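upload-v9.cif follows; it contains mmCIF, C-alpha atoms.
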```cif
data_protein
#
loop_
_atom_site.group_PDB
_atom_site.id
_atom_site.type_symbol
_atom_site.label_atom_id
_atom_site.label_comp_id
_atom_site.auth_asym_id
_atom_site.auth_seq_id
_atom_site.Cartn_x
_atom_site.Cartn_y
_atom_site.Cartn_z
ATOM 1 C CA MET I 1 52.054 -18.886 89.492
ATOM 2 C CA ASN I 2 52.610 -15.234 90.204
ATOM 3 C CA ASP I 3 49.975 -12.830 88.929
ATOM 4 C CA THR I 4 51.114 -9.879 91.048
ATOM 5 C CA THR I 5 52.817 -7.000 89.310
ATOM 6 C CA PRO I 6 56.256 -6.059 90.644
ATOM 7 C CA GLU I 7 54.919 -2.644 91.718
ATOM 8 C CA VAL I 8 52.113 -4.158 93.781
ATOM 9 C CA GLU I 9 54.511 -6.693 95.283
ATOM 10 C CA VAL I 10 56.832 -3.880 96.433
ATOM 11 C CA LEU I 11 53.866 -1.978 97.901
ATOM 12 C CA PHE I 12 52.570 -5.071 99.711
ATOM 13 C CA ARG I 13 56.010 -5.809 101.159
ATOM 14 C CA SER I 14 56.421 -2.247 102.400
ATOM 15 C CA LEU I 15 52.968 -2.310 104.019
ATOM 16 C CA LEU I 16 53.757 -5.625 105.680
ATOM 17 C CA LEU I 17 57.113 -4.409 106.982
ATOM 18 C CA ARG I 18 55.440 -1.367 108.576
ATOM 19 C CA ARG I 19 53.790 -3.735 111.021
ATOM 20 C CA GLY I 20 55.675 -4.642 114.158
ATOM 21 C CA GLY I 21 57.444 -7.980 114.489
ATOM 22 C CA GLU I 22 54.932 -9.229 117.043
ATOM 23 C CA GLU I 23 52.020 -8.452 114.739
ATOM 24 C CA ARG I 24 53.719 -10.156 111.773
ATOM 25 C CA LEU I 25 54.386 -13.217 113.927
ATOM 26 C CA ARG I 26 50.751 -13.244 115.080
ATOM 27 C CA MET I 27 49.629 -13.049 111.431
ATOM 28 C CA ALA I 28 51.916 -15.928 110.436
ATOM 29 C CA CYS I 29 50.686 -18.098 113.312
ATOM 30 C CA SER I 30 47.088 -17.370 112.389
ATOM 31 C CA MET I 31 47.730 -18.297 108.749
ATOM 32 C CA PHE I 32 49.414 -21.541 109.813
ATOM 33 C CA ASP I 33 46.498 -22.401 112.127
ATOM 34 C CA THR I 34 44.080 -21.809 109.262
ATOM 35 C CA ALA I 35 46.141 -23.932 106.856
ATOM 36 C CA LYS I 36 46.356 -26.726 109.440
ATOM 37 C CA ALA I 37 42.590 -26.613 110.037
ATOM 38 C CA LEU I 38 41.910 -26.815 106.294
ATOM 39 C CA ALA I 39 44.366 -29.687 105.845
ATOM 40 C CA THR I 40 42.891 -31.523 108.845
ATOM 41 C CA ALA I 41 39.363 -31.145 107.465
ATOM 42 C CA SER I 42 40.525 -32.433 104.074
ATOM 43 C CA ILE I 43 42.204 -35.465 105.652
ATOM 44 C CA TYR I 44 39.107 -36.236 107.747
ATOM 45 C CA GLU I 45 36.971 -35.956 104.611
ATOM 46 C CA GLN I 46 39.198 -38.445 102.781
ATOM 47 C CA HIS I 47 39.653 -40.735 105.808
ATOM 48 C CA PRO I 48 36.706 -40.546 108.203
ATOM 49 C CA GLY I 49 37.569 -41.965 111.600
ATOM 50 C CA ILE I 50 41.326 -41.652 111.067
ATOM 51 C CA ALA I 51 43.307 -42.423 114.215
ATOM 52 C CA PRO I 52 45.076 -39.487 115.924
ATOM 53 C CA ALA I 53 48.557 -40.891 115.167
ATOM 54 C CA ALA I 54 47.673 -41.401 111.512
ATOM 55 C CA LEU I 55 46.315 -37.840 111.373
ATOM 56 C CA ARG I 56 49.604 -36.498 112.767
ATOM 57 C CA GLN I 57 51.476 -38.475 110.125
ATOM 58 C CA ALA I 58 49.209 -37.258 107.337
ATOM 59 C CA LEU I 59 49.607 -33.643 108.446
ATOM 60 C CA PHE I 60 53.381 -34.013 108.629
ATOM 61 C CA PHE I 61 53.481 -35.542 105.172
ATOM 62 C CA ARG I 62 51.241 -32.848 103.700
ATOM 63 C CA PHE I 63 53.196 -29.937 105.187
ATOM 64 C CA TYR I 64 56.777 -31.195 105.343
ATOM 65 C CA GLY I 65 57.081 -34.597 103.682
ATOM 66 C CA HIS I 66 58.623 -33.300 100.468
ATOM 67 C CA GLU I 67 61.463 -31.631 102.412
ATOM 68 C CA PHE I 68 62.989 -34.893 103.641
ATOM 69 C CA SER I 69 64.592 -37.905 102.035
ATOM 70 C CA PRO I 70 62.546 -41.115 102.109
ATOM 71 C CA ALA I 71 64.708 -42.489 104.970
ATOM 72 C CA GLU I 72 64.346 -39.307 107.034
ATOM 73 C CA ARG I 73 60.625 -39.171 106.325
ATOM 74 C CA GLU I 74 60.150 -42.768 107.508
ATOM 75 C CA LYS I 75 62.039 -42.081 110.725
ATOM 76 C CA ILE I 76 59.898 -39.008 111.456
ATOM 77 C CA LEU I 77 56.664 -40.787 110.595
ATOM 78 C CA LEU I 78 57.529 -43.590 113.019
ATOM 79 C CA ALA I 79 58.199 -41.026 115.763
ATOM 80 C CA LEU I 80 54.702 -39.581 115.264
ATOM 81 C CA ILE I 81 52.974 -42.832 116.207
#
```
Rewritten as structure tokens:
Amino acid sequence: MNDTTPEVEVLFRSLLLRRGGEERLRMACSMFDTAKALATASIYEQHPGIAPAALRQALFFRFYGHEFSPAEREKILLALI
């Protein structure tokens, strides 16, 4: 879904690019930390008492699982134990 007009999208991009690279990186890291915290809370809500290894696997699957083939995904999930 994209409900942003092309004009506003161009304006937003230009405002974002005015910021320095370090600031943009800091913003991206902050957004990732927030997304990870929300995903972690959701996983804990669905699976109270989840083991740390299982949490790592669940986070991997939620963020990156769709980007790998089933065989690659299984190999990565085993490495997270």
- Task: Find the spatial neighbours of I:Tyr44, counting only C-alpha atoms, within a cut-off of 12 Å - ignore same-chain residues fewer than 5 positions away - and output them as number ranges by chain.
- Result: I: 37-39, 49-52, 54-56, 58-59
Dump as a PDB file, keeping the file's coordinate frame, selection limited to C-alpha atoms:
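The resulting file, again_37.pdb, is reproduced below:
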```pdb
ATOM      1  CA  ALA I  37      42.590 -26.613 110.037  1.00  0.00           C
ATOM      2  CA  LEU I  38      41.910 -26.815 106.294  1.00  0.00           C
ATOM      3  CA  ALA I  39      44.366 -29.687 105.845  1.00  0.00           C
ATOM      4  CA  GLY I  49      37.569 -41.965 111.600  1.00  0.00           C
ATOM      5  CA  ILE I  50      41.326 -41.652 111.067  1.00  0.00           C
ATOM      6  CA  ALA I  51      43.307 -42.423 114.215  1.00  0.00           C
ATOM      7  CA  PRO I  52      45.076 -39.487 115.924  1.00  0.00           C
ATOM      8  CA  ALA I  54      47.673 -41.401 111.512  1.00  0.00           C
ATOM      9  CA  LEU I  55      46.315 -37.840 111.373  1.00  0.00           C
ATOM     10  CA  ARG I  56      49.604 -36.498 112.767  1.00  0.00           C
ATOM     11  CA  ALA I  58      49.209 -37.258 107.337  1.00  0.00           C
ATOM     12  CA  LEU I  59      49.607 -33.643 108.446  1.00  0.00           C
TER      13      LEU I  59
END
```
- Task: May I ask for the distance between atom CA of I:His47 and atom CA of I:Phe61, given in Å to one decimal place?
- Result: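 Taking atom CA of I:His47 as the start and atom CA of I:Phe61 as the end point, the length is 14.8 Å.
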- Excluding I:Ala35 and any residue of its chain fewer than 6 positions from it, enumerate the residues within 10 Å of it, using all atoms listed in the file, and give them as a list in words.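 Contacts, in chain order: Cys29, Ala41 and Phe63 of chain I.
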- Note on the structure: As a check of understanding: the span from atom CA of I:Thr40 to atom CA of I:Glu22 is 26.6 Å
- Message: Between atom CA of I:Leu15 and atom CA of I:Ala28, what is the distance in Å, rounded to a tenth?
- Response: 15.1 Å
- Message: Which residues are close to I:Phe60, i.e. within 9 Å by all atoms listed in the file, leaving aside same-chain residues fewer than 4 positions away? Reply as a list in words.
- Response: Leu55, Arg56, Tyr64, Gly65, Ile76, Leu77 and Leu80 of chain I
